[in-house]
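What follows is a single structure, written as structure tokens, with notes after it.
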Amino acid sequence: MKAAVTGIFEKNHGRYGHRRLHIELLKQGWTVAKKTVLSPVQYRAHALAA
């Protein structure tokens with residue numbers, strides 16, 4: 001799933017937040033909770049800010 005999140009995030013030039021990422025994952029057939037998507041997004045945001 002991390003690869004899917006990263007792929008969607010990079011495909012959209014880092015413009016997608018956790019809400020849009022969650023919707024995209026659902027469209028791709030993933031069954032995932034919103035908070036599960038939120039965690040990698042927050043990690044990536046902190047890594048980019050540093």
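Order determines the names: the first chain of the structure tokens is A, the second B, and so forth; residues in each chain are numbered 1 upward, and ligands are numbered 1 upward as they are shown.
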
| Among range 14-46 of chain A, which ones does DSSP place in helix (DSSP H, G or I), written as JSON, numbers by chain? | {"A": [18, 19, 20, 21, 22, 23, 24, 25, 26, 27, 34, 35, 36, 37, 38, 39, 40, 41, 42, 43, 44, 45, 46]}

| said: Would you pick out the contacts of range 13-20 of chain A at 8 Å or less, using only C-alpha atoms, so that residues sharing its chain but fewer than 6 positions from it are not included, and give the list as a PyMOL selection string? | reply: chain A and resi 34+37-38+41

Only N, CA and C atoms, please: the residues just picked out, written as a PDB file, in the first residue's frame.
ATOM      1  N   LYS A  34      -9.263   5.953   6.472  1.00  0.00           N
ATOM      2  CA  LYS A  34      -8.711   7.293   6.239  1.00  0.00           C
ATOM      3  C   LYS A  34      -7.447   7.530   7.060  1.00  0.00           C
ATOM      4  N   VAL A  37      -4.215   6.137   5.686  1.00  0.00           N
ATOM      5  CA  VAL A  37      -3.637   6.953   4.615  1.00  0.00           C
ATOM      6  C   VAL A  37      -2.994   8.197   5.205  1.00  0.00           C
ATOM      7  N   LEU A  38      -3.557   8.726   6.242  1.00  0.00           N
ATOM      8  CA  LEU A  38      -3.063   9.960   6.852  1.00  0.00           C
ATOM      9  C   LEU A  38      -1.629   9.810   7.369  1.00  0.00           C
ATOM     10  N   VAL A  41       1.157  10.197   4.729  1.00  0.00           N
ATOM     11  CA  VAL A  41       1.107  11.557   4.188  1.00  0.00           C
ATOM     12  C   VAL A  41       1.760  12.520   5.175  1.00  0.00           C
TER      13      VAL A  41
END

| message | Can you tell me which residues surround Lys2 in chain A at a distance of at most 12 Å, considering only C-alpha atoms, apart from same-chain residues fewer than 4 positions away, and format the answer as JSON, numbers by chain? | response | {"A": [6, 7, 8, 9, 21, 25, 30, 32, 36, 37, 38, 39, 40, 41, 43, 44]}

Generate a file of the selected residues that holds N, CA and C atoms, formatted as a PDB file, in the first residue's frame.
ATOM      1  N   THR A   6       2.603   6.349  -2.467  1.00  0.00           N
ATOM      2  CA  THR A   6       3.723   7.112  -3.017  1.00  0.00           C
ATOM      3  C   THR A   6       3.528   7.372  -4.507  1.00  0.00           C
ATOM      4  N   GLY A   7       3.059   6.354  -5.223  1.00  0.00           N
ATOM      5  CA  GLY A   7       2.826   6.512  -6.657  1.00  0.00           C
ATOM      6  C   GLY A   7       1.786   7.573  -6.967  1.00  0.00           C
ATOM      7  N   ILE A   8       0.678   7.551  -6.254  1.00  0.00           N
ATOM      8  CA  ILE A   8      -0.379   8.554  -6.454  1.00  0.00           C
ATOM      9  C   ILE A   8       0.139   9.937  -6.092  1.00  0.00           C
ATOM     10  N   PHE A   9       0.861  10.010  -4.970  1.00  0.00           N
ATOM     11  CA  PHE A   9       1.388  11.291  -4.494  1.00  0.00           C
ATOM     12  C   PHE A   9       2.345  11.894  -5.517  1.00  0.00           C
ATOM     13  N   LEU A  21      -6.007  11.214  -1.616  1.00  0.00           N
ATOM     14  CA  LEU A  21      -5.304   9.941  -1.715  1.00  0.00           C
ATOM     15  C   LEU A  21      -6.221   8.789  -1.311  1.00  0.00           C
ATOM     16  N   LEU A  25      -7.264   5.651  -3.689  1.00  0.00           N
ATOM     17  CA  LEU A  25      -7.026   4.264  -3.306  1.00  0.00           C
ATOM     18  C   LEU A  25      -8.313   3.454  -3.373  1.00  0.00           C
ATOM     19  N   TRP A  30      -8.562  -0.601  -3.288  1.00  0.00           N
ATOM     20  CA  TRP A  30      -8.017  -0.811  -1.952  1.00  0.00           C
ATOM     21  C   TRP A  30      -9.128  -0.625  -0.921  1.00  0.00           C
ATOM     22  N   VAL A  32      -9.186   0.588   2.721  1.00  0.00           N
ATOM     23  CA  VAL A  32      -8.264   1.208   3.670  1.00  0.00           C
ATOM     24  C   VAL A  32      -8.990   2.327   4.423  1.00  0.00           C
ATOM     25  N   THR A  36      -5.300   5.433   8.094  1.00  0.00           N
ATOM     26  CA  THR A  36      -4.176   4.639   7.588  1.00  0.00           C
ATOM     27  C   THR A  36      -3.457   5.410   6.484  1.00  0.00           C
ATOM     28  N   VAL A  37      -4.215   6.137   5.686  1.00  0.00           N
ATOM     29  CA  VAL A  37      -3.637   6.953   4.615  1.00  0.00           C
ATOM     30  C   VAL A  37      -2.994   8.197   5.205  1.00  0.00           C
ATOM     31  N   LEU A  38      -3.557   8.726   6.242  1.00  0.00           N
ATOM     32  CA  LEU A  38      -3.063   9.960   6.852  1.00  0.00           C
ATOM     33  C   LEU A  38      -1.629   9.810   7.369  1.00  0.00           C
ATOM     34  N   SER A  39      -1.303   8.682   7.952  1.00  0.00           N
ATOM     35  CA  SER A  39       0.011   8.486   8.554  1.00  0.00           C
ATOM     36  C   SER A  39       1.162   8.661   7.565  1.00  0.00           C
ATOM     37  N   PRO A  40       1.172   7.958   6.403  1.00  0.00           N
ATOM     38  CA  PRO A  40       2.284   8.160   5.463  1.00  0.00           C
ATOM     39  C   PRO A  40       2.324   9.570   4.872  1.00  0.00           C
ATOM     40  N   VAL A  41       1.157  10.197   4.729  1.00  0.00           N
ATOM     41  CA  VAL A  41       1.107  11.557   4.188  1.00  0.00           C
ATOM     42  C   VAL A  41       1.760  12.520   5.175  1.00  0.00           C
ATOM     43  N   TYR A  43       4.007  11.770   7.423  1.00  0.00           N
ATOM     44  CA  TYR A  43       5.432  11.469   7.440  1.00  0.00           C
ATOM     45  C   TYR A  43       6.142  12.144   6.265  1.00  0.00           C
ATOM     46  N   ARG A  44       5.544  12.042   5.089  1.00  0.00           N
ATOM     47  CA  ARG A  44       6.136  12.625   3.882  1.00  0.00           C
ATOM     48  C   ARG A  44       6.201  14.151   4.007  1.00  0.00           C
TER      49      ARG A  44
END
